[in-house]
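*Asks:* Quick one: the structure is below, questions incoming.
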Amino acid sequence: MNTVAQAAKRISEADNTLIVCHFAPDGDAIGSLLGLGLALREKGQRVTMMCADPIPVQYHYLPQWQAIATPQVDAAPTPEASDPVSLIVSLDCGDLARLGKAYDPESLKGVPIINIDHHATNVNFGEINWVDPTAAATAQMLVPLIRALKVPLTRDIATCLLTGILTDTLGFRTATTTPQVMATSIELMNTGASLTALTDQIFNHRPMETIRMWTMALQNLHLEGRILWSEITQRMRERVGYTQNGDAGLASFLSTANEADIAIVFDELGDGRVNVSMRASPGYDISKVAFRLGGGGHPQAAGCTLPRSLSAVKTQVLSLVQQAWNEQTREK
Ligand code: 5GP
Ligand code: MN
């Protein structure tokens, strides 16, 4: 039996499934969580969807996003959550730590995990590990899984899954956008997902605070060799009222500079940690550096979170990235 069939069998047989995705969720994490969750509900199965962080406002157009539980907020568990969980499905997440509070090792001890992901740096923490780094998004992998579960796609499921694909391919612009990605996306569109509406939601809207934050970060760019970096400090966040997770695409924007092969944004989180968002041009691989630092990602987009001061993190990361750039340039 192949991995998809194995995963489908285990999921079909499960009594009460907990589906989780990584904290600071992006469109692929949320779209995958909802896409599979709605499919299992269509099938009449008991399921709890859980994410350690709240769903960002940007994704509140997604059907039933309110059904995603947040461990800190939902003190009273849903009926499903109060019953023993028989299976955990982890989506779009490279390691257990990145599930944050959505995975409580104490209460979930011994519960089998199915790990479905497309990050090359995935550490295979599940009982079944279906990790496909050639997939553009975890949401793309769920289309054959839902087929194997014998659940017909609905417009709502397709909307969630196309959101995941569009987010991770930056609107079909990344090198991971293969003919297979297009074929899957057409299937989702034929089921009723609107490419126009989703593209507009995902890429054409952002809060004004984000633009103000970008304005400040862009005034403080540093180009060292072919590494371009900037930072979002806690002071900047407070000044413009920027409370969102992440850099809202700033690292991807910096990576468009002709003068840079690698772009980095250091984001001071305010709890003593710094999130590092990295992007590399094709021909460079930034995921190995992220992995060495306890994070992960893809060759062209990776990240990590480090429990040190902003200046200590900058020194360490910039030195490792410069070293990786030197090695990778030499190998060219
Ligand atoms: P971003 O810079 O957009 O936050 O992340 C880029 C890519 O790296 C995404 O695929 C994201 O899931 C992954 N990534 C970012 N931070 C981490 C991390 O700390 N651990 C792991 N495993 N992956 C990360
Ligand atoms: Mn993804």
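In the structure tokens, the first chain shown is A, the next is B, and so on; residue numbers restart at 1 for each chain, and ligands run from 1 in the order shown.
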Using only C-alpha atoms, determine which residues lie at most 9 Å from segment 187-199 of chain A, disregarding the query and same-chain residues fewer than 2 positions distant; provide the list as a CSV table (one decimal) with C-alpha atoms, in the first residue's frame.
*Replies:*
chain,number,residue,atom,x,y,z
A,143,VAL,CA,-6.3,16.6,-3.1
A,153,LEU,CA,-14.6,17.9,-3.3
A,154,THR,CA,-17.0,20.7,-2.4
A,155,ARG,CA,-16.6,24.4,-3.2
A,156,ASP,CA,-15.7,25.1,0.4
A,157,ILE,CA,-13.0,22.4,0.5
A,158,ALA,CA,-11.7,23.6,-2.9
A,159,THR,CA,-11.6,27.2,-1.7
A,160,CYS,CA,-9.4,26.2,1.3
A,161,LEU,CA,-7.0,24.1,-0.8
A,162,LEU,CA,-6.6,26.6,-3.6
A,163,THR,CA,-5.8,29.2,-0.9
A,166,LEU,CA,-1.8,30.2,-4.1
A,167,THR,CA,-0.1,31.3,-0.9
A,171,GLY,CA,0.2,33.2,-7.0
A,182,MET,CA,-1.8,23.8,-12.4
A,183,ALA,CA,-3.8,20.6,-13.1
A,184,THR,CA,-4.7,20.3,-9.4
A,185,SER,CA,-5.6,24.0,-9.3
A,201,GLN,CA,-8.1,38.3,-1.0
A,202,ILE,CA,-4.5,36.9,-0.6
A,203,PHE,CA,-2.4,39.4,-2.5
A,204,ASN,CA,-4.3,42.7,-3.0
*Asks:* Name the residues, by chain letter and number, that sit within 8 Å of ligand 2 using only C-alpha atoms and all ligand atoms, and give them as a list of chain:residue names.
*Replies:*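 These are the residues that qualify: A:Asp26, A:Gly27, A:Asp28, A:Ala29, A:Asp92, A:Cys93, A:Asp117, A:His118, A:His119, A:Ala136, A:Ala137, A:Thr138, A:Ala139, A:Gly164, A:Asp168.
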*Asks:* Selected residues, N, CA and C atoms, written as a short mmCIF file (atom, residue, chain, number, x, y, z; two decimals), in the first residue's frame, please.
*Replies:*
data_model
loop_
_atom_site.label_atom_id
_atom_site.label_comp_id
_atom_site.auth_asym_id
_atom_site.auth_seq_id
_atom_site.Cartn_x
_atom_site.Cartn_y
_atom_site.Cartn_z
N ASP A 26 0.21 30.26 8.06
CA ASP A 26 0.07 30.97 6.79
C ASP A 26 -1.11 30.36 6.03
N GLY A 27 -1.30 30.80 4.80
CA GLY A 27 -2.46 30.34 4.03
C GLY A 27 -2.44 28.86 3.73
N ASP A 28 -1.24 28.28 3.60
CA ASP A 28 -1.18 26.84 3.33
C ASP A 28 -1.54 26.05 4.59
N ALA A 29 -1.02 26.49 5.73
CA ALA A 29 -1.33 25.79 7.00
C ALA A 29 -2.84 25.86 7.27
N ASP A 92 1.62 20.53 7.16
CA ASP A 92 2.49 21.66 6.79
C ASP A 92 3.51 22.01 7.87
N CYS A 93 3.88 21.04 8.68
CA CYS A 93 4.73 21.33 9.83
C CYS A 93 5.95 20.40 9.87
N ASP A 117 3.40 16.73 4.89
CA ASP A 117 4.14 17.99 4.76
C ASP A 117 4.92 18.02 3.45
N HIS A 118 5.35 19.23 3.07
CA HIS A 118 6.17 19.36 1.85
C HIS A 118 7.50 20.07 2.12
N HIS A 119 7.87 20.23 3.39
CA HIS A 119 9.16 20.86 3.70
C HIS A 119 10.29 19.82 3.63
N ALA A 136 4.18 21.74 -4.19
CA ALA A 136 4.28 23.19 -4.00
C ALA A 136 3.66 23.62 -2.68
N ALA A 137 2.70 22.84 -2.20
CA ALA A 137 2.00 23.19 -0.97
C ALA A 137 1.46 21.91 -0.34
N THR A 138 1.27 21.93 0.96
CA THR A 138 0.63 20.78 1.62
C THR A 138 -0.79 20.62 1.07
N ALA A 139 -1.45 21.75 0.80
CA ALA A 139 -2.83 21.71 0.27
C ALA A 139 -2.91 20.91 -1.03
N GLY A 164 -4.28 27.51 -0.10
CA GLY A 164 -2.96 26.98 0.28
C GLY A 164 -1.99 27.01 -0.89
N ASP A 168 1.47 29.50 -1.12
CA ASP A 168 2.83 28.97 -1.15
C ASP A 168 3.51 29.12 -2.52
#
*Asks:* Ligand 1: which residues are within 8 Å, counting only C-alpha atoms and all ligand atoms? Reply as a ChimeraX atom specification.
*Replies:* /A:22,26,92-95,98,119,121-122,168,246-247,249,251,275-279,287,290-291,294-298,301-305
*Asks:* Got a sec: who's within 7 Å of Arg308 of chain A, counting only C-alpha atoms, leaving out chain neighbours fewer than 2 positions off, as a PyMOL selection string?
*Replies:* chain A and resi 272-274+306+310+312-313
*Asks:* Ranking A:Pro25, A:Ser252, A:Thr233, A:Leu149 by minimum distance to Asp271 of chain A and counting only C-alpha atoms, which one comes first?
*Replies:*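 Selected residue with least distance to Asp271 of chain A: A:Thr233.
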*Asks:* What is the distance between atom CA of Glu238 of chain A and atom CA of Ala69 of chain A, in Å to one decimal?
*Replies:*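 About the pair atom CA of Glu238 of chain A and atom CA of Ala69 of chain A: they are 27.9 Å apart.
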*Asks:* Please report the interatomic distance between atom CA of Thr329 of chain A and atom CA of Gly283 of chain A in Å with one decimal.
*Replies:*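 Rounded to one decimal, the two atoms are 8.8 Å apart.
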*Asks:* With only C-alpha atoms as the counted atoms, please give the residues lying no more than 8 Å from Ser230 of chain A, apart from itself and same-chain residues fewer than 4 positions off, as a PDB file with all heavy atoms, in the first residue's frame.
*Replies:*
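Contents of out04.pdb, as written:
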ATOM      1  N   ALA A 217      10.924  49.748   7.785  1.00  0.00           N
ATOM      2  CA  ALA A 217      11.955  48.717   7.564  1.00  0.00           C
ATOM      3  C   ALA A 217      12.758  49.019   6.290  1.00  0.00           C
ATOM      4  O   ALA A 217      13.969  48.773   6.229  1.00  0.00           O
ATOM      5  CB  ALA A 217      11.304  47.343   7.472  1.00  0.00           C
ATOM      6  N   LEU A 218      12.097  49.582   5.294  1.00  0.00           N
ATOM      7  CA  LEU A 218      12.775  49.840   4.020  1.00  0.00           C
ATOM      8  C   LEU A 218      13.734  51.029   4.108  1.00  0.00           C
ATOM      9  O   LEU A 218      14.589  51.205   3.243  1.00  0.00           O
ATOM     10  CB  LEU A 218      11.744  50.066   2.904  1.00  0.00           C
ATOM     11  CG  LEU A 218      10.961  48.808   2.496  1.00  0.00           C
ATOM     12  CD1 LEU A 218       9.840  49.151   1.527  1.00  0.00           C
ATOM     13  CD2 LEU A 218      11.878  47.763   1.880  1.00  0.00           C
ATOM     14  N   ASN A 220      15.827  51.258   6.372  1.00  0.00           N
ATOM     15  CA  ASN A 220      16.973  50.765   7.133  1.00  0.00           C
ATOM     16  C   ASN A 220      17.490  49.459   6.523  1.00  0.00           C
ATOM     17  O   ASN A 220      17.572  48.439   7.189  1.00  0.00           O
ATOM     18  CB  ASN A 220      16.503  50.560   8.587  1.00  0.00           C
ATOM     19  CG  ASN A 220      17.661  50.385   9.527  1.00  0.00           C
ATOM     20  OD1 ASN A 220      18.804  50.694   9.177  1.00  0.00           O
ATOM     21  ND2 ASN A 220      17.387  49.845  10.707  1.00  0.00           N
ATOM     22  N   LEU A 221      17.802  49.532   5.219  1.00  0.00           N
ATOM     23  CA  LEU A 221      18.277  48.334   4.509  1.00  0.00           C
ATOM     24  C   LEU A 221      19.787  48.214   4.622  1.00  0.00           C
ATOM     25  O   LEU A 221      20.497  49.208   4.632  1.00  0.00           O
ATOM     26  CB  LEU A 221      17.922  48.441   3.021  1.00  0.00           C
ATOM     27  CG  LEU A 221      16.460  48.313   2.630  1.00  0.00           C
ATOM     28  CD1 LEU A 221      16.330  48.450   1.128  1.00  0.00           C
ATOM     29  CD2 LEU A 221      15.911  46.979   3.093  1.00  0.00           C
ATOM     30  N   HIS A 222      20.249  46.968   4.672  1.00  0.00           N
ATOM     31  CA  HIS A 222      21.705  46.739   4.710  1.00  0.00           C
ATOM     32  C   HIS A 222      22.054  45.744   3.623  1.00  0.00           C
ATOM     33  O   HIS A 222      21.479  44.651   3.582  1.00  0.00           O
ATOM     34  CB  HIS A 222      22.117  46.149   6.067  1.00  0.00           C
ATOM     35  CG  HIS A 222      21.704  47.008   7.219  1.00  0.00           C
ATOM     36  ND1 HIS A 222      22.570  47.863   7.852  1.00  0.00           N
ATOM     37  CD2 HIS A 222      20.497  47.155   7.828  1.00  0.00           C
ATOM     38  CE1 HIS A 222      21.916  48.497   8.818  1.00  0.00           C
ATOM     39  NE2 HIS A 222      20.660  48.082   8.816  1.00  0.00           N
ATOM     40  N   ILE A 264      17.046  38.706   4.070  1.00  0.00           N
ATOM     41  CA  ILE A 264      16.692  38.289   5.438  1.00  0.00           C
ATOM     42  C   ILE A 264      15.926  39.410   6.132  1.00  0.00           C
ATOM     43  O   ILE A 264      16.283  40.580   6.004  1.00  0.00           O
ATOM     44  CB  ILE A 264      17.956  37.991   6.285  1.00  0.00           C
ATOM     45  CG1 ILE A 264      18.931  37.084   5.528  1.00  0.00           C
ATOM     46  CG2 ILE A 264      17.592  37.375   7.631  1.00  0.00           C
ATOM     47  CD1 ILE A 264      20.256  36.873   6.248  1.00  0.00           C
ATOM     48  N   VAL A 265      14.881  39.033   6.888  1.00  0.00           N
ATOM     49  CA  VAL A 265      14.227  39.991   7.776  1.00  0.00           C
ATOM     50  C   VAL A 265      14.286  39.434   9.195  1.00  0.00           C
ATOM     51  O   VAL A 265      13.875  38.295   9.447  1.00  0.00           O
ATOM     52  CB  VAL A 265      12.761  40.263   7.364  1.00  0.00           C
ATOM     53  CG1 VAL A 265      12.062  41.123   8.410  1.00  0.00           C
ATOM     54  CG2 VAL A 265      12.705  40.955   6.002  1.00  0.00           C
ATOM     55  N   PHE A 266      14.852  40.225  10.108  1.00  0.00           N
ATOM     56  CA  PHE A 266      14.912  39.863  11.525  1.00  0.00           C
ATOM     57  C   PHE A 266      13.730  40.539  12.206  1.00  0.00           C
ATOM     58  O   PHE A 266      13.580  41.760  12.118  1.00  0.00           O
ATOM     59  CB  PHE A 266      16.218  40.368  12.152  1.00  0.00           C
ATOM     60  CG  PHE A 266      17.444  39.756  11.533  1.00  0.00           C
ATOM     61  CD1 PHE A 266      18.130  40.413  10.520  1.00  0.00           C
ATOM     62  CD2 PHE A 266      17.901  38.513  11.953  1.00  0.00           C
ATOM     63  CE1 PHE A 266      19.262  39.840   9.931  1.00  0.00           C
ATOM     64  CE2 PHE A 266      19.028  37.933  11.371  1.00  0.00           C
ATOM     65  CZ  PHE A 266      19.712  38.604  10.360  1.00  0.00           C
TER      66      PHE A 266
END
*Asks:* I'd like the contact shell of Ala24 of chain A - 10 Å cut-off, only C-alpha atoms, skipping same-chain residues fewer than 2 positions apart - returned as an NGL selection string.
*Replies:* :A and (21-22 or 26 or 29-30 or 51-56 or 98-100 or 244-246)
*Asks:* Pick from A:Val131, A:Val151, A:Ile227, A:Ala14: nearest to Ser319 of chain A, with only C-alpha atoms counted?
*Replies:* A:Ile227
*Asks:* From a DSSP pass on the backbone, collect the residues of segment 26-135 of chain A flagged as strand (DSSP E or B) and hand them back as a PyMOL selection string.
*Replies:* chain A and resi 46-50+68-69+87-91+113-117+128-131
*Asks:* For atom CA of Gly126 of chain A and atom CA of Ile114 of chain A, determine how far apart the two atoms are, in Å to one decimal place.
*Replies:*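 Those two atoms sit 5.3 Å apart.
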